[in-house]
Amino acid sequence: MSSIETDVLILGGGPAGLWAAVSAAATGARVVLVDKSRCGSSGPTVYGSTVLWDIAPGAARADAVTATLERGGGLGDPAWLHRVLDETHRRLRTWPGTRHRVPDPHGEPGRVHFDGASYLRRLRRGALEAGVRILDHHPALQLLVDPDATVAGAAGLQRHNRFRPWTIRAGAVVVATGGCAFLSGGAGTEVDTGEGLLMAVEAGAELAGMEFSSAYGLAPVPARVHVSVAPGLSMRFAAVYDDAGAELTGGDTTALSAIAEGRRVFAALHEVPDTVRHWLSRHGAIDATGRVPVRAVLDGTIRGAGGLALAGPDCATTLRGLYAAGDLAGREVVAGAAGTSGGLRGAWALASGSWAGAGAAAFALGTERSGSARPVPGAGLGPHAHIDPRSVIGLVQEHTLPLRRSYRRSAGSLGDSIAELDAMWPGAQFELGGLGAEQLRARQAAALLAVARWAGYSALVRTETRGIHRRIDHPHLGADWRVRLRCGGLDEVWVRREQWPRPLGDELTTHRPAAV
């Protein structure tokens with residue numbers, strides 16, 4: 001067994017995890033970062049360009065905050081949004097990689113673009129230069145907690161070392177393992193399967209905004225390769241048309257509505273970047289008329305707003321010693337009901353990662369550590385497998401991926417999904433398992449099932465349409481639903497309301513939920 005001790009442990013090597021690592025290391029803390037794949041070479045950011053807000057103080061920043069709050073249905077927090085914009089603007093002024101920025105193709109001065117793969121490589125290089133120890137192909141399976149229930153590290157397996165176990169004791173842990181896309185086939189989302197959420201809830205953490213987990217994107221329909229390798233994210237900004245050639249204005253929302261109605265949707269070839277056009281041509285994704293057929297792909301919580309509930313401005317969660325960053329964190333505080341995409345998503349990864357890293361380092365260096373810690377028991381971690389993970393994953397996808405399940409929700413469809421997913425949970429919890437690679441697949445299946453249940457229960461409780469949460473049986477905004485929802489639980493999922501706006505003086509502090 002490999003055993004390491006450090007001050008701050010970062011789980012996840014995407015943009016948020018790397019910003020967290022650099023921020024923690026800047027305080028003088030010892031930092032170890034583990035990634036289930038290769039840090040800097042996996043995840044959605046690798047595909048296409050990365051967009052970040054970079055808006056100087058002034059009228060433009062105030063306008064951006066106002067517009068984001070309106071899109072979010074009144075659930076966002078202007079204080080958090082201003083903090084994100086300020087942190088991003090300040091960091092980009094001094095980060096060496098900023099010189100590689102690309103101007104916004106539409107001429108918007110407040111948005112900067114980076115090549116996604118190059119952006120991650122520069123962040124990884126910066127982390128190594130700051131003294132961060134990076135362990136690639138080290139998926140985490142469970143958190144460690146001390147006798148006071150403070151998070152004290154994590155444990156997992158070494159993919160490239162015969163799946164031997166590893167344990168890392170730490171003064172604080174930052175979870176930045178990304179959101180959950182339910183293996184929908186979006187580019188780079190095969191690593192975003194929800195294990196970080198499951199580990200945290202098993203240790204006692206709470207979730208927020210899980211009803212806002214129904215973000216969809218558009219991806220090409222290649223003819224000669226598996227859809228999971230299609231550069232779906234590159235199609236998000238292309239103009240789209242119906243079968244008759246009429247442009248579908250209104251962005252992804254109009255296109256997704258058309259697909260949900262059974263209509264075919266296309267992206268014109270001249271709207272696609274050259275590199276993507278050549279790729280599509282090679283793989284038979286262009287039809288005889290020169291158009292690119294597109295399909296709906298569930299991005300889930302990656303571009304949604306759901307994740308671990310935040311309890312403070314340093315991105316601390318409801319568990320002592322545990323911090324959240326990026327798509328793993330609940331983003332209602334900035335995105336409200338609209339979900340995150342574009343410049344806000346990139347800026348949130350930078351800002352939340354920086355805050356979580358600094359917060360974790362301050363906690364680790366200022367708190368006396370216990371001499372003992374135990375791994376938190378979890379679903380799918382048994383040594384023997386009695387059910388096939390593929391059967392669990394198939395059921396989850398049946399109740400999450402189709403537009404009729406997640407894009408157009410109703411009490412009937414949500415109730416049916418919840419009943420089937422709940423019935424699967426006991427078997428998944430105790431009969432999934434195995435050793436080595438089998439254990440990783442079992443844990444992944446358990447996480448996907450858990451996230452689907454939390455999202456379903458939260459969506460059933462919110463009886464209105466707000467942001468990306470659409471209820472066909474409640475198609476209007478509810479005047480009494482300007483509230484946030486917390487959820488959690490494993491054997492029995494619970495959901496409760498949280499007053500919003502919070503009472504005066506309660507901003508950026510611990511939550512005070514009211515039971516539903």
# chains A, B, ... in the order shown; residues from 1 in each chain; ligands from 1
call {"tool": "select_by_dssp", "arguments": {"residues": "range 18-255 of chain A", "states": "strand (DSSP E)", "output": "VMD selection string"}}
result
chain A and resid 31 to 34 49 to 53 102 to 103 111 to 115 133 to 135 140 to 145 151 to 158 164 to 175 207 to 208 215 to 220 240 to 242
call {"tool": "write_last_selection", "arguments": {"atoms": "C-alpha atoms", "output": "short mmCIF file (atom, residue, chain, number, x, y, z; two decimals), in the first residue's frame"}}
result
data_model
loop_
_atom_site.label_atom_id
_atom_site.label_comp_id
_atom_site.auth_asym_id
_atom_site.auth_seq_id
_atom_site.Cartn_x
_atom_site.Cartn_y
_atom_site.Cartn_z
CA VAL A 31 0.00 19.89 -1.66
CA VAL A 32 -0.73 16.58 -3.37
CA LEU A 33 -3.09 16.34 -6.35
CA VAL A 34 -4.52 13.02 -7.56
CA SER A 49 -11.62 26.34 -26.43
CA THR A 50 -12.03 27.50 -22.85
CA VAL A 51 -13.82 30.78 -22.23
CA LEU A 52 -13.37 32.93 -19.13
CA TRP A 53 -14.98 36.17 -18.06
CA VAL A 102 -7.32 34.60 -28.02
CA PRO A 103 -9.72 37.52 -28.61
CA ARG A 111 -14.56 37.28 -22.60
CA VAL A 112 -11.17 35.68 -23.25
CA HIS A 113 -10.52 32.39 -24.98
CA PHE A 114 -7.76 29.83 -24.51
CA ASP A 115 -7.13 26.62 -26.37
CA ARG A 133 3.03 16.67 -6.20
CA ILE A 134 0.80 15.28 -8.98
CA LEU A 135 -0.21 11.62 -9.02
CA ALA A 140 -10.09 8.18 -5.34
CA LEU A 141 -12.72 5.82 -3.97
CA GLN A 142 -13.53 7.07 -0.49
CA LEU A 143 -12.79 9.86 1.98
CA LEU A 144 -11.08 9.44 5.34
CA VAL A 145 -12.56 11.01 8.47
CA VAL A 151 -12.31 14.95 6.64
CA ALA A 152 -8.70 13.81 6.94
CA GLY A 153 -7.72 12.47 3.52
CA ALA A 154 -8.78 9.94 0.91
CA ALA A 155 -8.04 6.46 -0.38
CA GLY A 156 -8.12 4.90 -3.83
CA LEU A 157 -6.31 2.75 -6.38
CA GLN A 158 -3.28 3.11 -8.65
CA ARG A 164 -2.61 -1.31 -5.67
CA PRO A 165 -4.33 0.78 -2.98
CA TRP A 166 -3.16 4.22 -1.89
CA THR A 167 -3.99 6.27 1.20
CA ILE A 168 -3.23 9.96 1.66
CA ARG A 169 -3.67 11.63 5.05
CA ALA A 170 -4.26 15.36 4.79
CA GLY A 171 -5.17 18.33 6.94
CA ALA A 172 -7.90 19.28 4.42
CA VAL A 173 -9.30 17.97 1.15
CA VAL A 174 -10.51 19.85 -1.94
CA VAL A 175 -12.88 17.85 -4.12
CA LEU A 207 -26.03 18.92 -1.94
CA ALA A 208 -27.61 22.03 -3.46
CA ALA A 215 -28.28 20.95 -19.08
CA TYR A 216 -28.05 19.66 -22.65
CA GLY A 217 -25.67 20.51 -25.47
CA LEU A 218 -25.49 19.72 -29.17
CA ALA A 219 -23.05 17.23 -30.69
CA PRO A 220 -22.52 15.95 -34.24
CA VAL A 240 -28.37 25.50 -36.44
CA TYR A 241 -31.13 24.87 -38.96
CA ASP A 242 -34.15 22.63 -39.38
#
call {"tool": "residues_around", "arguments": {"residues": "Gln429 in chain A", "least_positions_apart": "5", "cutoff": "7 Å", "atoms": "only C-alpha atoms", "output": "short mmCIF file (atom, residue, chain, number, x, y, z; two decimals) with N, CA, C and O atoms, in the first residue's frame"}}
result
data_model
loop_
_atom_site.label_atom_id
_atom_site.label_comp_id
_atom_site.auth_asym_id
_atom_site.auth_seq_id
_atom_site.Cartn_x
_atom_site.Cartn_y
_atom_site.Cartn_z
N ALA A 379 -20.86 2.58 -1.20
CA ALA A 379 -21.54 1.66 -2.10
C ALA A 379 -20.59 1.15 -3.17
O ALA A 379 -19.76 1.90 -3.70
N GLY A 380 -20.69 -0.14 -3.49
CA GLY A 380 -19.90 -0.73 -4.55
C GLY A 380 -18.47 -1.02 -4.22
O GLY A 380 -17.66 -1.25 -5.11
N ALA A 446 -22.36 2.96 -9.04
CA ALA A 446 -23.05 3.39 -7.82
C ALA A 446 -23.19 4.91 -7.79
O ALA A 446 -24.23 5.44 -7.39
#
call {"tool": "closest_atom_pairs", "arguments": {"of": "range 256-364 of chain A", "to": "range 5-15 of chain A", "cutoff": "9 Å", "atoms": "only C-alpha atoms", "output": "JSON lines"}}
result
{"residue": "A:Gly326", "atom": "CA", "partner": "A:Pro15", "partner_atom": "CA", "distance": 7.8}
{"residue": "A:Gly346", "atom": "CA", "partner": "A:Pro15", "partner_atom": "CA", "distance": 8.3}
{"residue": "A:Ala349", "atom": "CA", "partner": "A:Pro15", "partner_atom": "CA", "distance": 6.1}
{"residue": "A:Leu350", "atom": "CA", "partner": "A:Pro15", "partner_atom": "CA", "distance": 6.8}
{"residue": "A:Gly353", "atom": "CA", "partner": "A:Pro15", "partner_atom": "CA", "distance": 7.8}
{"residue": "A:Gly357", "atom": "CA", "partner": "A:Val8", "partner_atom": "CA", "distance": 8.0}
{"residue": "A:Ala360", "atom": "CA", "partner": "A:Val8", "partner_atom": "CA", "distance": 6.5}
{"residue": "A:Ala361", "atom": "CA", "partner": "A:Val8", "partner_atom": "CA", "distance": 6.1}
{"residue": "A:Ala364", "atom": "CA", "partner": "A:Asp7", "partner_atom": "CA", "distance": 5.7}
call {"tool": "residues_around", "arguments": {"residues": "Pro475 in chain A", "least_positions_apart": "3", "cutoff": "8 Å", "atoms": "only C-alpha atoms", "output": "ChimeraX atom specification"}}
result
/A:464-465,470-472
call {"tool": "residues_around", "arguments": {"residues": "Gly179 in chain A", "least_positions_apart": "4", "cutoff": "7 Å", "atoms": "only C-alpha atoms", "output": "list in words"}}
result
Asp192, Thr193, Gly194, Thr301, Ile302, Asp327 and Leu328 of chain A
call {"tool": "write_last_selection", "arguments": {"atoms": "C-alpha atoms", "output": "compact mmCIF listing (two decimals), in the first residue's frame"}}
result
# COMPACT_ATOMS: atom_id res chain seq x y z
CA ASP A 192 -17.32 12.97 -15.11
CA THR A 193 -19.32 10.22 -13.42
CA GLY A 194 -20.14 11.62 -9.98
CA THR A 301 -24.37 18.83 -13.64
CA ILE A 302 -21.30 19.81 -15.70
CA ASP A 327 -18.38 21.70 -11.49
CA LEU A 328 -18.41 19.58 -8.32
call {"tool": "closest_residue", "arguments": {"among": "A:Thr68, A:Gly76, A:Thr150, A:Ala459", "to": "Trp500 in chain A", "atoms": "only C-alpha atoms"}}
result
A:Gly76
call {"tool": "select_by_dssp", "arguments": {"residues": "range 429-481 of chain A", "states": "helix (DSSP H, G or I)", "output": "NGL selection string"}}
result
:A and (429-431 or 437-461)
call {"tool": "write_last_selection", "arguments": {"atoms": "C-alpha atoms", "output": "CSV table (one decimal), in the first residue's frame"}}
result
chain,number,residue,atom,x,y,z
A,429,GLN,CA,-25.1,-0.6,-2.7
A,430,PHE,CA,-24.3,-4.1,-1.5
A,431,GLU,CA,-24.0,-6.3,-4.6
A,437,ALA,CA,-10.7,-2.4,-12.5
A,438,GLU,CA,-13.9,-4.1,-11.5
A,439,GLN,CA,-14.1,-2.1,-8.3
A,440,LEU,CA,-13.6,1.2,-10.2
A,441,ARG,CA,-16.5,0.3,-12.6
A,442,ALA,CA,-18.7,-0.7,-9.6
A,443,ARG,CA,-18.0,2.6,-7.8
A,444,GLN,CA,-18.8,4.5,-11.0
A,445,ALA,CA,-22.1,2.7,-11.5
A,446,ALA,CA,-23.0,3.4,-7.8
A,447,ALA,CA,-22.2,7.1,-8.2
A,448,LEU,CA,-24.2,7.5,-11.4
A,449,LEU,CA,-27.2,5.9,-9.7
A,450,ALA,CA,-26.9,8.1,-6.6
A,451,VAL,CA,-26.7,11.3,-8.6
A,452,ALA,CA,-29.7,10.3,-10.7
A,453,ARG,CA,-31.7,9.8,-7.6
A,454,TRP,CA,-30.7,13.1,-6.0
A,455,ALA,CA,-31.5,15.0,-9.2
A,456,GLY,CA,-34.9,13.2,-9.6
A,457,TYR,CA,-36.1,13.8,-6.1
A,458,SER,CA,-35.1,17.5,-6.3
A,459,ALA,CA,-36.8,18.0,-9.6
A,460,LEU,CA,-40.0,16.4,-8.3
A,461,VAL,CA,-40.1,18.7,-5.4
call {"tool": "decode", "arguments": {"residues": "range 307-434 of chain A", "atoms": "C-alpha atoms", "output": "JSON list (two decimals), in the first residue's frame"}}
result
[["chain", "number", "residue", "atom", "x", "y", "z"],
["A", 307, "GLY", "CA", -23.28, 20.06, -6.59],
["A", 308, "LEU", "CA", -21.96, 20.10, -3.04],
["A", 309, "ALA", "CA", -23.60, 22.79, -0.92],
["A", 310, "LEU", "CA", -21.22, 25.58, 0.03],
["A", 311, "ALA", "CA", -21.13, 26.85, 3.60],
["A", 312, "GLY", "CA", -18.75, 29.78, 3.31],
["A", 313, "PRO", "CA", -16.93, 32.19, 0.97],
["A", 314, "ASP", "CA", -13.85, 29.91, 0.92],
["A", 315, "CYS", "CA", -15.93, 27.15, -0.72],
["A", 316, "ALA", "CA", -16.01, 25.08, 2.46],
["A", 317, "THR", "CA", -18.74, 22.44, 2.37],
["A", 318, "THR", "CA", -21.01, 21.37, 5.21],
["A", 319, "LEU", "CA", -18.26, 18.95, 6.36],
["A", 320, "ARG", "CA", -15.27, 20.19, 8.35],
["A", 321, "GLY", "CA", -12.09, 19.91, 6.35],
["A", 322, "LEU", "CA", -13.81, 19.39, 2.99],
["A", 323, "TYR", "CA", -13.86, 22.03, 0.25],
["A", 324, "ALA", "CA", -15.44, 21.98, -3.21],
["A", 325, "ALA", "CA", -14.45, 23.64, -6.48],
["A", 326, "GLY", "CA", -15.51, 23.79, -10.12],
["A", 327, "ASP", "CA", -18.38, 21.70, -11.49],
["A", 328, "LEU", "CA", -18.41, 19.58, -8.32],
["A", 329, "ALA", "CA", -19.57, 22.56, -6.24],
["A", 330, "GLY", "CA", -23.13, 23.85, -6.08],
["A", 331, "ARG", "CA", -23.30, 26.89, -8.38],
["A", 332, "GLU", "CA", -26.71, 28.34, -7.57],
["A", 333, "VAL", "CA", -24.81, 31.10, -5.78],
["A", 334, "VAL", "CA", -23.57, 32.40, -9.12],
["A", 335, "ALA", "CA", -25.74, 30.83, -11.82],
["A", 336, "GLY", "CA", -29.07, 30.51, -10.08],
["A", 337, "ALA", "CA", -31.36, 28.23, -12.06],
["A", 338, "ALA", "CA", -29.64, 28.82, -15.40],
["A", 339, "GLY", "CA", -26.63, 26.60, -15.05],
["A", 340, "THR", "CA", -23.10, 27.54, -16.03],
["A", 341, "SER", "CA", -21.61, 27.79, -19.49],
["A", 342, "GLY", "CA", -19.23, 29.96, -21.45],
["A", 343, "GLY", "CA", -17.32, 32.63, -19.59],
["A", 344, "LEU", "CA", -19.08, 32.08, -16.27],
["A", 345, "ARG", "CA", -18.15, 28.39, -16.15],
["A", 346, "GLY", "CA", -14.49, 29.12, -16.85],
["A", 347, "ALA", "CA", -14.40, 31.99, -14.36],
["A", 348, "TRP", "CA", -16.07, 29.87, -11.68],
["A", 349, "ALA", "CA", -13.46, 27.13, -12.09],
["A", 350, "LEU", "CA", -10.67, 29.66, -11.60],
["A", 351, "ALA", "CA", -12.28, 31.54, -8.70],
["A", 352, "SER", "CA", -13.73, 28.61, -6.77],
["A", 353, "GLY", "CA", -10.51, 26.64, -7.18],
["A", 354, "SER", "CA", -8.44, 29.55, -5.89],
["A", 355, "TRP", "CA", -10.73, 30.09, -2.88],
["A", 356, "ALA", "CA", -11.01, 26.39, -2.05],
["A", 357, "GLY", "CA", -7.24, 25.89, -2.23],
["A", 358, "ALA", "CA", -6.51, 28.87, 0.00],
["A", 359, "GLY", "CA", -9.31, 27.90, 2.41],
["A", 360, "ALA", "CA", -8.14, 24.32, 2.66],
["A", 361, "ALA", "CA", -4.56, 25.42, 3.28],
["A", 362, "ALA", "CA", -5.63, 27.83, 6.04],
["A", 363, "PHE", "CA", -7.68, 25.10, 7.70],
["A", 364, "ALA", "CA", -4.92, 22.50, 7.42],
["A", 365, "LEU", "CA", -2.19, 24.78, 8.76],
["A", 366, "GLY", "CA", -4.34, 26.18, 11.56],
["A", 367, "THR", "CA", -6.04, 23.05, 12.89],
["A", 368, "GLU", "CA", -4.57, 20.37, 15.11],
["A", 369, "ARG", "CA", -4.87, 16.97, 13.44],
["A", 370, "SER", "CA", -6.11, 13.76, 14.93],
["A", 371, "GLY", "CA", -3.76, 10.82, 15.07],
["A", 372, "SER", "CA", -6.29, 8.42, 13.57],
["A", 373, "ALA", "CA", -8.63, 8.34, 10.60],
["A", 374, "ARG", "CA", -10.86, 5.73, 9.01],
["A", 375, "PRO", "CA", -12.18, 5.29, 5.46],
["A", 376, "VAL", "CA", -15.88, 6.04, 5.04],
["A", 377, "PRO", "CA", -17.79, 2.90, 3.97],
["A", 378, "GLY", "CA", -19.33, 3.25, 0.54],
["A", 379, "ALA", "CA", -21.54, 1.66, -2.10],
["A", 380, "GLY", "CA", -19.90, -0.73, -4.55],
["A", 381, "LEU", "CA", -16.73, -1.21, -2.54],
["A", 382, "GLY", "CA", -17.22, -4.87, -1.62],
["A", 383, "PRO", "CA", -14.65, -7.44, -2.78],
["A", 384, "HIS", "CA", -17.19, -9.47, -4.76],
["A", 385, "ALA", "CA", -19.55, -8.57, -7.60],
["A", 386, "HIS", "CA", -23.01, -10.07, -7.69],
["A", 387, "ILE", "CA", -24.52, -7.77, -10.30],
["A", 388, "ASP", "CA", -23.06, -6.33, -13.50],
["A", 389, "PRO", "CA", -22.33, -2.57, -13.33],
["A", 390, "ARG", "CA", -23.55, -2.28, -16.91],
["A", 391, "SER", "CA", -27.08, -3.16, -15.83],
["A", 392, "VAL", "CA", -27.04, -0.33, -13.28],
["A", 393, "ILE", "CA", -25.58, 2.16, -15.75],
["A", 394, "GLY", "CA", -28.11, 1.13, -18.41],
["A", 395, "LEU", "CA", -31.01, 1.77, -16.04],
["A", 396, "VAL", "CA", -29.60, 5.15, -15.03],
["A", 397, "GLN", "CA", -29.16, 6.22, -18.63],
["A", 398, "GLU", "CA", -32.67, 5.10, -19.51],
["A", 399, "HIS", "CA", -33.99, 7.53, -16.90],
["A", 400, "THR", "CA", -31.62, 10.45, -17.51],
["A", 401, "LEU", "CA", -30.37, 10.75, -21.09],
["A", 402, "PRO", "CA", -33.59, 11.02, -23.15],
["A", 403, "LEU", "CA", -35.06, 14.50, -23.57],
["A", 404, "ARG", "CA", -38.40, 13.19, -22.35],
["A", 405, "ARG", "CA", -36.78, 12.34, -19.01],
["A", 406, "SER", "CA", -34.53, 15.31, -18.21],
["A", 407, "TYR", "CA", -35.44, 18.11, -20.62],
["A", 408, "ARG", "CA", -39.22, 17.89, -20.31],
["A", 409, "ARG", "CA", -40.05, 16.70, -16.85],
["A", 410, "SER", "CA", -43.36, 15.87, -15.23],
["A", 411, "ALA", "CA", -44.54, 14.37, -11.96],
["A", 412, "GLY", "CA", -45.46, 11.17, -13.76],
["A", 413, "SER", "CA", -42.13, 10.61, -15.49],
["A", 414, "LEU", "CA", -40.12, 11.69, -12.44],
["A", 415, "GLY", "CA", -42.13, 9.41, -10.18],
["A", 416, "ASP", "CA", -41.61, 6.45, -12.50],
["A", 417, "SER", "CA", -37.88, 7.12, -12.69],
["A", 418, "ILE", "CA", -37.50, 7.53, -8.94],
["A", 419, "ALA", "CA", -39.35, 4.28, -8.25],
["A", 420, "GLU", "CA", -37.10, 2.25, -10.58],
["A", 421, "LEU", "CA", -33.88, 3.92, -9.43],
["A", 422, "ASP", "CA", -34.80, 3.49, -5.76],
["A", 423, "ALA", "CA", -35.53, -0.19, -6.35],
["A", 424, "MET", "CA", -32.04, -0.62, -7.81],
["A", 425, "TRP", "CA", -30.21, 1.13, -4.97],
["A", 426, "PRO", "CA", -30.05, -1.69, -2.38],
["A", 427, "GLY", "CA", -28.61, -4.09, -4.93],
["A", 428, "ALA", "CA", -26.14, -1.51, -6.19],
["A", 429, "GLN", "CA", -25.09, -0.62, -2.67],
["A", 430, "PHE", "CA", -24.34, -4.14, -1.49],
["A", 431, "GLU", "CA", -23.96, -6.30, -4.62],
["A", 432, "LEU", "CA", -21.74, -4.11, -6.77],
["A", 433, "GLY", "CA", -18.07, -4.70, -6.12],
["A", 434, "GLY", "CA", -14.94, -6.44, -7.25]]
